[in-house]
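S.K.: So that you have it, the file is structure_5.cif, and it contains mmCIF, C-alpha atoms:
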```cif
data_model
loop_
_atom_site.label_atom_id
_atom_site.label_comp_id
_atom_site.auth_asym_id
_atom_site.auth_seq_id
_atom_site.Cartn_x
_atom_site.Cartn_y
_atom_site.Cartn_z
CA MET I 1 -2.48 0.08 -0.17
CA PHE I 2 1.22 -0.24 0.65
CA ASN I 3 1.04 -2.67 3.59
CA LYS I 4 1.01 -5.66 1.28
CA LYS I 5 3.55 -8.42 1.60
CA ASP I 6 4.84 -9.86 -1.66
CA VAL I 7 7.15 -12.86 -1.67
CA ALA I 8 7.79 -12.30 -5.40
CA ARG I 9 9.31 -8.87 -4.73
CA ASN I 10 11.46 -10.35 -1.98
CA SER I 11 12.83 -13.08 -4.25
CA PHE I 12 16.16 -13.40 -6.10
CA MET I 13 16.22 -10.83 -8.93
CA LEU I 14 19.52 -11.27 -10.79
CA THR I 15 18.22 -12.59 -14.09
CA GLY I 16 18.83 -11.46 -17.67
CA LYS I 17 21.25 -8.54 -17.96
CA PHE I 18 21.21 -8.07 -14.16
CA SER I 19 23.01 -11.43 -13.82
CA ARG I 20 26.13 -9.88 -15.45
CA GLN I 21 25.75 -6.38 -14.11
CA GLY I 22 23.58 -6.43 -11.04
CA TYR I 23 23.35 -6.64 -7.28
CA ASP I 24 20.66 -7.97 -4.98
CA TRP I 25 20.72 -7.55 -1.22
CA TRP I 26 18.58 -8.33 1.81
CA TRP I 27 19.17 -5.88 4.67
CA HIS I 28 18.16 -6.30 8.31
CA SER I 29 18.71 -3.89 11.20
CA PHE I 30 17.58 -4.12 14.81
CA THR I 31 18.49 -3.39 18.42
CA ALA I 32 20.01 -5.93 20.82
CA ILE I 33 20.71 -5.82 24.54
CA LYS I 34 24.24 -6.52 25.78
CA ASP I 35 23.86 -9.27 28.38
CA SER I 36 26.66 -8.06 30.68
CA THR I 37 25.53 -4.44 30.96
CA GLN I 38 21.92 -4.35 29.64
CA GLU I 39 22.83 -1.48 27.31
CA GLU I 40 21.13 -1.21 23.91
CA VAL I 41 23.29 -1.75 20.83
CA PRO I 42 21.98 -1.44 17.24
CA PHE I 43 23.10 -4.18 14.81
CA PHE I 44 22.77 -5.00 11.11
CA VAL I 45 23.02 -8.18 9.00
CA GLU I 46 23.02 -8.18 5.20
CA TYR I 47 23.36 -10.74 2.40
CA PHE I 48 24.65 -9.12 -0.81
CA LEU I 49 24.89 -10.88 -4.19
CA CYS I 50 26.80 -9.37 -7.11
CA ASN I 51 27.09 -10.46 -10.77
CA PRO I 52 26.33 -14.20 -10.35
CA ALA I 53 26.80 -15.02 -14.07
CA LEU I 54 30.46 -13.97 -13.78
CA GLY I 55 31.14 -16.29 -10.84
CA LYS I 56 34.35 -18.30 -10.58
CA ASN I 57 35.70 -20.68 -7.96
CA GLU I 58 37.04 -17.76 -5.91
CA PRO I 59 35.39 -14.41 -5.13
CA ILE I 60 36.18 -11.71 -7.69
CA PHE I 61 36.96 -8.34 -6.09
CA GLY I 62 36.56 -5.20 -8.13
CA GLN I 63 38.77 -3.33 -5.66
CA LYS I 64 41.71 -5.64 -6.34
CA PRO I 65 43.64 -4.26 -9.34
CA LEU I 66 44.77 -6.63 -12.10
CA GLU I 67 48.44 -6.94 -13.02
CA SER I 68 47.54 -5.67 -16.49
CA GLY I 69 45.86 -2.60 -14.97
CA GLY I 70 42.20 -1.86 -14.43
CA HIS I 71 39.92 -4.27 -12.61
CA GLU I 72 37.32 -6.96 -13.15
CA LYS I 73 33.65 -6.75 -12.46
CA PRO I 74 33.12 -8.18 -8.96
CA SER I 75 31.27 -11.44 -8.35
CA TYR I 76 30.51 -12.88 -4.93
CA LEU I 77 28.12 -13.33 -2.07
CA MET I 78 29.15 -10.82 0.59
CA VAL I 79 27.76 -11.46 4.05
CA LYS I 80 27.91 -8.22 6.04
CA ALA I 81 27.28 -7.82 9.75
CA GLY I 82 28.19 -5.41 12.50
CA CYS I 83 26.97 -2.73 14.86
CA TRP I 84 26.74 1.00 15.34
CA GLY I 85 27.63 3.02 18.42
CA LYS I 86 30.81 3.46 20.44
CA ASN I 87 32.24 0.09 19.33
CA LYS I 88 30.94 0.35 15.75
CA LYS I 89 32.27 -1.95 13.06
CA GLN I 90 31.34 -3.68 9.82
CA LEU I 91 32.60 -7.16 9.01
CA HIS I 92 32.54 -8.85 5.60
CA ARG I 93 32.76 -12.49 4.53
CA PHE I 94 32.91 -13.47 0.85
CA PHE I 95 31.86 -16.60 -1.02
CA PRO I 96 32.40 -17.38 -4.73
CA LEU I 97 29.39 -17.70 -7.02
CA GLY I 98 31.01 -20.27 -9.30
CA GLY I 99 30.84 -23.93 -8.26
CA ASN I 100 28.41 -24.93 -5.53
CA GLN I 101 29.57 -23.11 -2.39
CA VAL I 102 26.47 -20.87 -2.51
CA LYS I 103 23.00 -22.32 -2.92
CA ILE I 104 20.24 -19.89 -3.91
CA GLN I 105 16.52 -20.58 -3.96
CA LYS I 106 14.77 -17.90 -6.03
CA LYS I 107 11.20 -17.80 -4.63
CA PRO I 108 10.64 -17.76 -1.76
CA TYR I 109 14.24 -16.73 -1.45
CA SER I 110 16.87 -18.51 0.59
CA ILE I 111 20.66 -18.30 0.57
CA THR I 112 22.94 -20.97 2.00
CA ALA I 113 26.76 -20.69 2.18
CA ASP I 114 28.60 -22.79 4.75
CA ASP I 115 27.07 -21.78 8.13
CA CYS I 116 25.50 -18.60 6.69
CA PHE I 117 21.79 -18.82 5.89
CA ALA I 118 19.00 -16.36 5.16
CA ASN I 119 15.32 -16.53 4.26
CA ASP I 120 12.20 -14.60 5.21
CA GLU I 121 12.10 -16.04 8.74
CA THR I 122 15.68 -16.97 9.70
CA LEU I 123 19.16 -15.44 9.72
CA ARG I 124 22.21 -17.45 10.75
CA GLY I 125 25.88 -17.00 10.19
CA SER I 126 29.34 -16.02 11.34
CA ILE I 127 32.19 -13.78 10.20
CA CYS I 128 35.78 -13.68 11.39
CA VAL I 129 38.26 -11.14 10.01
CA SER I 130 41.73 -10.92 11.54
CA GLN I 131 43.49 -7.61 12.08
CA GLU I 132 46.14 -8.73 9.59
CA ASP I 133 43.60 -9.55 6.87
CA ALA I 134 41.72 -6.29 7.40
CA GLU I 135 44.95 -4.33 6.98
CA LEU I 136 46.40 -6.33 4.06
CA HIS I 137 43.21 -6.89 2.05
CA HIS I 138 41.62 -3.52 1.35
CA GLU I 139 39.39 -5.27 -1.19
CA TYR I 140 37.56 -6.84 1.78
CA MET I 141 36.35 -3.34 2.79
CA SER I 142 36.14 -4.74 6.33
CA ASP I 143 37.09 -4.00 9.89
CA SER I 144 38.53 -6.75 12.06
CA GLY I 145 36.53 -8.81 14.53
CA GLN I 146 34.32 -11.83 15.00
CA ILE I 147 30.54 -12.08 15.05
CA GLU I 148 27.95 -14.89 15.14
CA TRP I 149 24.17 -14.60 14.90
CA ASN I 150 21.09 -16.79 15.09
CA LEU I 151 17.92 -14.77 14.60
CA HIS I 152 14.21 -15.18 13.88
CA LEU I 153 12.22 -12.61 11.87
CA ASP I 154 8.52 -11.85 12.22
CA LYS I 155 7.70 -9.25 9.55
CA LYS I 156 4.64 -7.31 10.66
CA ILE I 157 4.21 -4.33 8.31
CA ALA I 158 5.36 -4.04 4.69
CA PHE I 159 6.08 -1.14 2.36
CA ASN I 160 5.11 -2.31 -1.10
CA VAL I 161 6.04 0.59 -3.39
CA GLY I 162 3.45 -0.28 -6.06
CA TYR I 163 3.63 -0.70 -9.79
CA GLY I 164 7.17 0.71 -10.10
CA ALA I 165 8.49 -2.64 -8.83
CA SER I 166 5.71 -4.74 -10.41
CA ALA I 167 6.42 -7.89 -12.39
CA PHE I 168 6.24 -5.98 -15.69
CA PHE I 169 8.74 -3.27 -14.71
CA ARG I 170 11.00 -5.88 -13.11
CA ALA I 171 10.95 -7.96 -16.31
CA ILE I 172 11.91 -5.08 -18.61
CA LYS I 173 14.55 -3.82 -16.13
CA ALA I 174 13.12 -0.29 -16.39
CA PHE I 175 14.75 1.08 -13.23
CA GLU I 176 18.42 1.24 -12.35
CA MET I 177 17.58 0.48 -8.70
CA TYR I 178 14.53 -1.15 -7.10
CA TRP I 179 13.32 -1.25 -3.49
CA HIS I 180 10.91 -3.39 -1.50
CA ALA I 181 10.48 -3.45 2.30
CA GLU I 182 8.84 -6.75 3.20
CA GLY I 183 9.20 -5.89 6.89
CA MET I 184 9.60 -2.18 7.56
CA LYS I 185 8.40 -3.22 11.00
CA THR I 186 9.94 -6.56 11.95
CA LEU I 187 10.04 -8.28 15.33
CA VAL I 188 13.49 -9.82 15.69
CA SER I 189 14.50 -12.39 18.29
CA GLY I 190 17.62 -14.44 18.96
CA GLN I 191 21.25 -14.18 19.99
CA ILE I 192 24.44 -12.46 18.82
CA ILE I 193 28.03 -12.89 19.93
CA LEU I 194 30.35 -10.04 18.96
CA ASP I 195 34.03 -10.21 19.88
CA GLY I 196 33.26 -12.59 22.75
CA GLU I 197 30.37 -10.56 24.21
CA SER I 198 26.83 -11.96 24.08
CA TYR I 199 23.74 -9.96 23.14
CA SER I 200 20.05 -10.87 23.35
CA VAL I 201 17.51 -9.71 20.79
CA LYS I 202 14.01 -9.45 22.24
CA PRO I 203 11.05 -8.89 19.89
CA GLU I 204 9.39 -6.11 21.87
CA PHE I 205 12.65 -4.13 22.09
CA SER I 206 14.20 -5.03 18.74
CA TYR I 207 12.74 -2.17 16.65
CA GLY I 208 13.56 -4.29 13.62
CA TYR I 209 13.60 -3.47 9.93
CA SER I 210 13.96 -5.68 6.80
CA ASP I 211 14.13 -4.63 3.16
CA LYS I 212 15.86 -5.37 -0.12
CA ASN I 213 17.40 -3.41 -2.98
CA TRP I 214 18.41 -4.67 -6.39
CA GLY I 215 19.41 -3.31 -9.78
CA CYS I 216 22.38 -2.56 -12.02
CA ASN I 217 23.81 0.38 -10.04
CA PHE I 218 23.31 2.63 -7.01
CA THR I 219 21.64 6.03 -6.64
CA SER I 220 23.18 9.36 -5.65
CA PRO I 221 22.21 10.99 -3.40
CA TRP I 222 21.25 8.01 -1.28
CA VAL I 223 18.63 8.64 1.41
CA TRP I 224 17.06 6.24 3.91
CA LEU I 225 15.18 6.92 7.16
CA SER I 226 13.00 4.52 9.13
CA SER I 227 11.81 3.77 12.66
CA CYS I 228 9.07 1.89 14.45
CA CYS I 229 10.03 3.29 17.87
CA LEU I 230 7.60 6.19 17.96
CA LYS I 231 5.92 8.10 20.78
CA SER I 232 3.23 10.77 20.55
CA LYS I 233 4.34 14.06 22.05
CA ILE I 234 0.69 15.09 22.31
CA SER I 235 -0.74 12.10 24.19
CA GLY I 236 2.51 10.73 25.65
CA ARG I 237 1.49 7.31 24.34
CA LYS I 238 3.90 4.92 22.66
CA LEU I 239 2.65 4.16 19.16
CA GLU I 240 2.81 0.37 19.12
CA ASN I 241 1.21 -0.03 15.69
CA SER I 242 3.18 2.57 13.75
CA VAL I 243 6.25 2.81 11.51
CA PHE I 244 7.61 5.16 8.86
CA ASP I 245 9.99 4.50 5.99
CA ILE I 246 11.57 6.98 3.54
CA GLY I 247 14.04 6.14 0.80
CA GLY I 248 15.40 7.09 -2.60
CA GLY I 249 17.38 9.99 -4.00
CA ARG I 250 17.83 10.26 -7.76
CA PRO I 251 16.29 7.21 -9.41
CA LYS I 252 16.87 6.47 -13.09
CA VAL I 253 14.12 5.15 -15.37
CA PHE I 254 15.29 3.91 -18.77
CA GLY I 255 18.52 5.82 -18.08
CA ILE I 256 16.76 9.13 -17.34
CA ALA I 257 17.47 10.59 -13.89
CA LEU I 258 14.57 11.87 -11.77
CA ASN I 259 16.05 14.39 -9.38
CA LYS I 260 15.23 14.39 -5.67
CA LYS I 261 12.55 11.74 -5.68
CA LEU I 262 11.76 9.92 -2.44
CA LEU I 263 9.32 7.17 -1.66
CA GLY I 264 7.71 7.41 1.76
CA ALA I 265 5.19 5.51 3.85
CA PHE I 266 3.80 6.15 7.32
CA TRP I 267 1.68 3.48 8.98
CA TYR I 268 0.09 5.48 11.80
CA GLU I 269 -1.80 3.28 14.24
CA GLY I 270 -3.33 1.26 11.41
CA GLU I 271 -3.94 4.18 9.02
CA GLU I 272 -1.92 4.49 5.81
CA TYR I 273 -0.23 7.66 4.55
CA GLU I 274 1.80 7.14 1.39
CA PHE I 275 4.05 9.66 -0.37
CA ASN I 276 4.98 7.95 -3.63
CA PHE I 277 6.14 10.00 -6.63
CA SER I 278 5.25 7.13 -8.99
CA LYS I 279 1.57 7.52 -7.98
CA PHE I 280 1.33 10.92 -9.63
CA TRP I 281 -2.46 11.09 -9.25
CA THR I 282 -2.04 11.50 -5.47
CA GLY I 283 -0.19 14.81 -5.95
CA SER I 284 2.89 13.51 -4.16
CA ARG I 285 5.66 16.10 -3.77
CA THR I 286 8.88 16.04 -1.78
CA LYS I 287 11.47 18.49 -0.50
CA PHE I 288 14.53 17.15 1.24
CA SER I 289 18.05 18.11 2.26
CA SER I 290 20.83 16.73 4.37
CA GLU I 291 23.62 18.53 6.15
CA GLU I 292 26.77 17.67 8.03
CA THR I 293 27.93 19.50 11.15
CA GLU I 294 31.06 18.79 13.15
CA THR I 295 29.22 16.21 15.24
CA GLU I 296 26.05 15.14 13.39
CA ILE I 297 24.34 14.26 10.14
CA LEU I 298 20.88 15.84 9.78
CA TRP I 299 17.97 15.05 7.46
CA HIS I 300 15.08 17.39 6.60
CA VAL I 301 12.20 15.92 4.60
CA GLU I 302 8.78 17.34 3.77
CA GLN I 303 6.37 15.15 1.81
CA GLN I 304 2.78 15.86 0.85
CA THR I 305 -0.12 14.62 -1.20
CA HIS I 306 -3.58 16.01 -1.82
CA LYS I 307 -4.61 14.57 1.55
CA ALA I 308 -1.69 14.80 3.99
CA ILE I 309 1.70 16.32 4.90
CA LEU I 310 4.56 14.56 6.68
CA LYS I 311 7.52 16.57 7.99
CA THR I 312 10.52 14.58 9.17
CA GLU I 313 13.58 15.89 11.07
CA ILE I 314 16.18 13.28 12.03
CA HIS I 315 19.73 13.60 13.33
CA CYS I 316 22.42 11.07 14.24
CA LYS I 317 25.80 11.47 15.92
CA LYS I 318 28.69 10.92 13.52
CA GLU I 319 30.65 9.14 16.24
CA ASP I 320 27.96 6.42 16.26
CA MET I 321 27.79 6.02 12.46
CA LEU I 322 29.73 4.05 9.85
CA TRP I 323 30.88 4.79 6.36
CA VAL I 324 29.19 1.69 5.02
CA GLN I 325 31.28 0.01 2.31
CA TYR I 326 30.17 -1.36 -1.09
CA GLU I 327 31.49 -1.64 -4.61
CA ASP I 328 29.03 -1.42 -7.48
CA PRO I 329 28.53 -4.13 -10.14
CA LEU I 330 31.13 -2.42 -12.36
CA GLY I 331 33.73 -2.66 -9.61
CA ASN I 332 33.70 1.02 -8.67
CA LYS I 333 33.66 2.15 -5.07
CA ARG I 334 31.66 5.29 -5.77
CA PHE I 335 30.79 6.16 -2.17
CA SER I 336 33.71 7.11 0.07
CA ARG I 337 31.42 8.64 2.74
CA LEU I 338 28.09 6.81 2.75
CA TRP I 339 26.95 7.68 6.26
CA ASN I 340 24.96 4.85 7.85
CA GLY I 341 23.52 4.69 11.36
CA GLY I 342 21.07 2.78 13.53
CA ASN I 343 20.33 5.09 16.44
CA GLY I 344 19.05 8.27 14.85
CA SER I 345 16.42 10.37 16.62
CA GLY I 346 14.20 13.34 15.94
CA THR I 347 10.62 14.39 15.33
CA ILE I 348 7.94 13.86 12.69
CA TRP I 349 4.78 15.90 12.23
CA LEU I 350 1.72 14.42 10.52
CA TYR I 351 -0.97 16.72 9.12
CA LYS I 352 -4.25 16.06 7.34
CA LYS I 353 -5.42 18.52 4.74
CA GLN I 354 -8.92 19.97 5.13
CA GLY I 355 -9.63 22.31 2.26
CA LYS I 356 -6.92 24.97 2.29
CA ASP I 357 -6.04 24.22 5.91
CA SER I 358 -3.71 21.63 7.42
CA VAL I 359 -4.68 20.07 10.74
CA LEU I 360 -2.03 18.51 12.97
CA VAL I 361 -2.76 14.83 13.59
CA ASP I 362 0.25 14.17 15.80
CA GLU I 363 3.74 15.34 16.71
CA ILE I 364 5.87 12.26 17.25
CA GLU I 365 9.17 11.58 18.96
CA VAL I 366 11.43 9.25 16.95
CA THR I 367 14.23 7.09 18.36
CA HIS I 368 16.11 3.95 17.22
CA ALA I 369 15.99 5.23 13.64
CA GLY I 370 17.87 3.69 10.77
CA CYS I 371 19.42 6.46 8.69
CA GLU I 372 21.65 6.82 5.67
CA TYR I 373 22.99 9.55 3.43
CA GLY I 374 25.73 9.78 0.84
CA GLU I 375 26.66 11.10 -2.58
CA PHE I 376 29.03 9.71 -5.20
CA SER I 377 32.63 10.77 -4.55
CA GLU I 378 33.35 11.23 -8.25
#
```
Turn the structure described in the file into structure tokens.
M.R.:
Amino acid sequence: MFNKKDVARNSFMLTGKFSRQGYDWWWHSFTAIKDSTQEEVPFFVEYFLCNPALGKNEPIFGQKPLESGGHEKPSYLMVKAGCWGKNKKQLHRFFPLGGNQVKIQKKPYSITADDCFANDETLRGSICVSQEDAELHHEYMSDSGQIEWNLHLDKKIAFNVGYGASAFFRAIKAFEMYWHAEGMKTLVSGQIILDGESYSVKPEFSYGYSDKNWGCNFTSPWVWLSSCCLKSKISGRKLENSVFDIGGGRPKVFGIALNKKLLGAFWYEGEEYEFNFSKFWTGSRTKFSSEETETEILWHVEQQTHKAILKTEIHCKKEDMLWVQYEDPLGNKRFSRLWNGGNGSGTIWLYKKQGKDSVLVDEIEVTHAGCEYGEFSE
């Protein structure tokens, strides 16, 4: 059973060796409505911790070269927020992890830094980056602009990936990168102000998503697809109690890479379909590819177990997407083109296996999809 909330998996994870080479982030994406025009705009808010044991009284930027050459390992809380679409942007604010500017509660998690706050139910904060700072400080990895948010989260459906992120495997730091989606379907409500324009976030139209990743480094390729805005093409009915979530790429276990491994979950009107390579007894298998055209990024995923098949085809306009910016815990900016979007669309097909035959359960229209793809530049 994957729809199982777990506050322990959503807690602060940078202990032991991960405290000196590790990251931990809480990601949230959702749709808001611009008050002046009523148009939909997809937003994201993230709280990203890196190498807390190395913290000083100022943020340490891995992208800022030292006078002696080379660079330091980064250490900071990075608060990231922004939007996708025609006015897309990502804004970053940094806090040092030395001293007491950042207060962290481990379980249940909460992060407090000045007016920025995050826990399982609440997100608050603000970011202001001037045009001058964005141009002069490339280590900020930020556009210019100003954003404020005050949001409430109601996490309805979880994707608990199972024993791979259990307490035992977390304790021995077996994986290079871990994932837990406490709210792959999340009702988000509240207000946003972006560059002087106000936006309302309404639960029934928010199509929200909340997850976290942590570990000592990133994966390549990097794949993520998710949406809870689904409509049956067969019945014409909106699927109010459904959501799918796919993520992964090339995970490493004890330093050994497992090529093209994705974790996937589809909650279809209260029925679970899980495609989890770590649960080998289910016969989980995956084929996936991504391609780039002049105008779009496309994802093709086929997952199956002994009981079911899920085919997923998603596309997103490049003009609406960002190259989302991170540096890893070693200070390397390994992704130069990590495509990230919030308004992907497409189709998924769900089949049940009956003997040697596969019977179509539903063909489903997907909109408001979160989507991501990238490979290391090196």
S.K.: Have a look at I:Gln105, I:Thr31, I:Ser36, I:Thr293 and name the one nearest to I:Thr186; count only C-alpha atoms.
M.R.: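 Of all the options, I:Thr31 lies closest to I:Thr186.
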S.K.: For the point (37.8, -7.7, -8.9) in the file's frame, write as a list in words all residues with an atom no more than 9 Å away, counting only C-alpha atoms.
M.R.: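 These residues have at least one counted atom within 9 Å: Pro59, Ile60, Phe61, Gly62, Gln63, Lys64, Pro65, Leu66, His71, Glu72, Lys73, Pro74, Ser75, Glu139 and Gly331 of chain I.
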S.K.: Using only C-alpha atoms, find the one residue out of I:Val201, I:Val301, I:Leu330, I:Leu350 that sits nearest to I:Phe218.
M.R.: I:Leu330
S.K.: Would you work out the distance separating atom CA of I:Met321 from atom CA of I:Phe43, expressed in Å to one decimal?
M.R.: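 Pair atom CA of I:Met321 / atom CA of I:Phe43 returns 11.5 Å.
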S.K.: Pull out every residue that the PyMOL selection byres ((chain I and resi 81) around 6) matches in the shown coordinates and put them as a list of chain:residue names.
M.R.: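 Evaluating the PyMOL selection byres ((chain I and resi 81) around 6) on this file yields I:Phe44, I:Val45, I:Lys80, I:Gly82, I:Gln90, I:Leu91.
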S.K.: When you look at I:Ser232 with a cut-off of 9 Å (counting only C-alpha atoms), what residues show up, excluding the ones that are within fewer than 4 positions of it in the same chain? I need them as a PyMOL selection string.
M.R.: chain I and resi 236-239+362-365
S.K.: Restricted to C-alpha atoms, what would the selected residues look like written as a PDB file, in the coordinates of the input?
M.R.:
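Final output, out-v6.pdb:
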```
ATOM      1  CA  GLY I 236       2.510  10.730  25.650  1.00  0.00           C
ATOM      2  CA  ARG I 237       1.490   7.310  24.340  1.00  0.00           C
ATOM      3  CA  LYS I 238       3.900   4.920  22.660  1.00  0.00           C
ATOM      4  CA  LEU I 239       2.650   4.160  19.160  1.00  0.00           C
ATOM      5  CA  ASP I 362       0.250  14.170  15.800  1.00  0.00           C
ATOM      6  CA  GLU I 363       3.740  15.340  16.710  1.00  0.00           C
ATOM      7  CA  ILE I 364       5.870  12.260  17.250  1.00  0.00           C
ATOM      8  CA  GLU I 365       9.170  11.580  18.960  1.00  0.00           C
TER       9      GLU I 365
END
```
S.K.: When distances are computed from all atoms listed in the file, which of I:Thr295, I:Ser11, I:Ser289, I:Asn57 shows the smallest separation from I:Ser110?
M.R.: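 Of all the options, I:Ser11 lies closest to I:Ser110.
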S.K.: Between atom CA of I:Lys86 and atom CA of I:Leu194, measure the distance and give it in Å to one decimal.
M.R.: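 Separation between atom CA of I:Lys86 and atom CA of I:Leu194: 13.6 Å.
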S.K.: Hey, which of I:Glu204, I:Asp154, I:Asp245, I:Glu327 ends up closest to I:Trp267? Count all atoms listed in the file.
M.R.: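 That would be I:Asp245, the residue with the smallest distance to I:Trp267.
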S.K.: Since I can't run it myself right now, could you work out what the PyMOL selection byres ((chain I and resi 334) around 8) selects here and report it as a list of chain:residue names?
M.R.: I:Glu327, I:Asp328, I:Asn332, I:Lys333, I:Phe335, I:Ser336, I:Phe376, I:Ser377, I:Glu378
S.K.: Leaving out I:Cys316 and any residue of its chain fewer than 5 positions from it, which residues lie within 6 Å of it when counting all atoms listed in the file, given as an mmCIF file with C-alpha atoms, in the coordinates of the input?
M.R.:
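Result went into selection.cif, see below:
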```cif
data_model
loop_
_atom_site.group_PDB
_atom_site.id
_atom_site.type_symbol
_atom_site.label_atom_id
_atom_site.label_comp_id
_atom_site.auth_asym_id
_atom_site.auth_seq_id
_atom_site.Cartn_x
_atom_site.Cartn_y
_atom_site.Cartn_z
ATOM 1 C CA GLU I 296 26.050 15.140 13.390
ATOM 2 C CA ILE I 297 24.340 14.260 10.140
ATOM 3 C CA GLY I 344 19.050 8.270 14.850
#
```
S.K.: Ranking I:Gly70, I:Gly270, I:Gly370, I:Pro221 by minimum distance to I:Gly208 and counting all atoms listed in the file, which one comes first?
M.R.: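 Under the stated criterion, the closest residue is I:Gly370.
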S.K.: On this structure, which residues satisfy the PyMOL selection byres ((chain I and resi 119-129) around 8), written as a ChimeraX atom specification?
M.R.: /I:79,81,91-93,108-111,115-118,130-131,133-134,142-154
S.K.: Hey, can you spit out that residue selection with C-alpha atoms as a compact mmCIF listing (two decimals), in the coordinates of the input?
M.R.:
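For reference, again15.txt as written:
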```txt
# COMPACT_ATOMS: atom_id res chain seq x y z
CA VAL I 79 27.76 -11.46 4.05
CA ALA I 81 27.28 -7.82 9.75
CA LEU I 91 32.60 -7.16 9.01
CA HIS I 92 32.54 -8.85 5.60
CA ARG I 93 32.76 -12.49 4.53
CA PRO I 108 10.64 -17.76 -1.76
CA TYR I 109 14.24 -16.73 -1.45
CA SER I 110 16.87 -18.51 0.59
CA ILE I 111 20.66 -18.30 0.57
CA ASP I 115 27.07 -21.78 8.13
CA CYS I 116 25.50 -18.60 6.69
CA PHE I 117 21.79 -18.82 5.89
CA ALA I 118 19.00 -16.36 5.16
CA SER I 130 41.73 -10.92 11.54
CA GLN I 131 43.49 -7.61 12.08
CA ASP I 133 43.60 -9.55 6.87
CA ALA I 134 41.72 -6.29 7.40
CA SER I 142 36.14 -4.74 6.33
CA ASP I 143 37.09 -4.00 9.89
CA SER I 144 38.53 -6.75 12.06
CA GLY I 145 36.53 -8.81 14.53
CA GLN I 146 34.32 -11.83 15.00
CA ILE I 147 30.54 -12.08 15.05
CA GLU I 148 27.95 -14.89 15.14
CA TRP I 149 24.17 -14.60 14.90
CA ASN I 150 21.09 -16.79 15.09
CA LEU I 151 17.92 -14.77 14.60
CA HIS I 152 14.21 -15.18 13.88
CA LEU I 153 12.22 -12.61 11.87
CA ASP I 154 8.52 -11.85 12.22
```
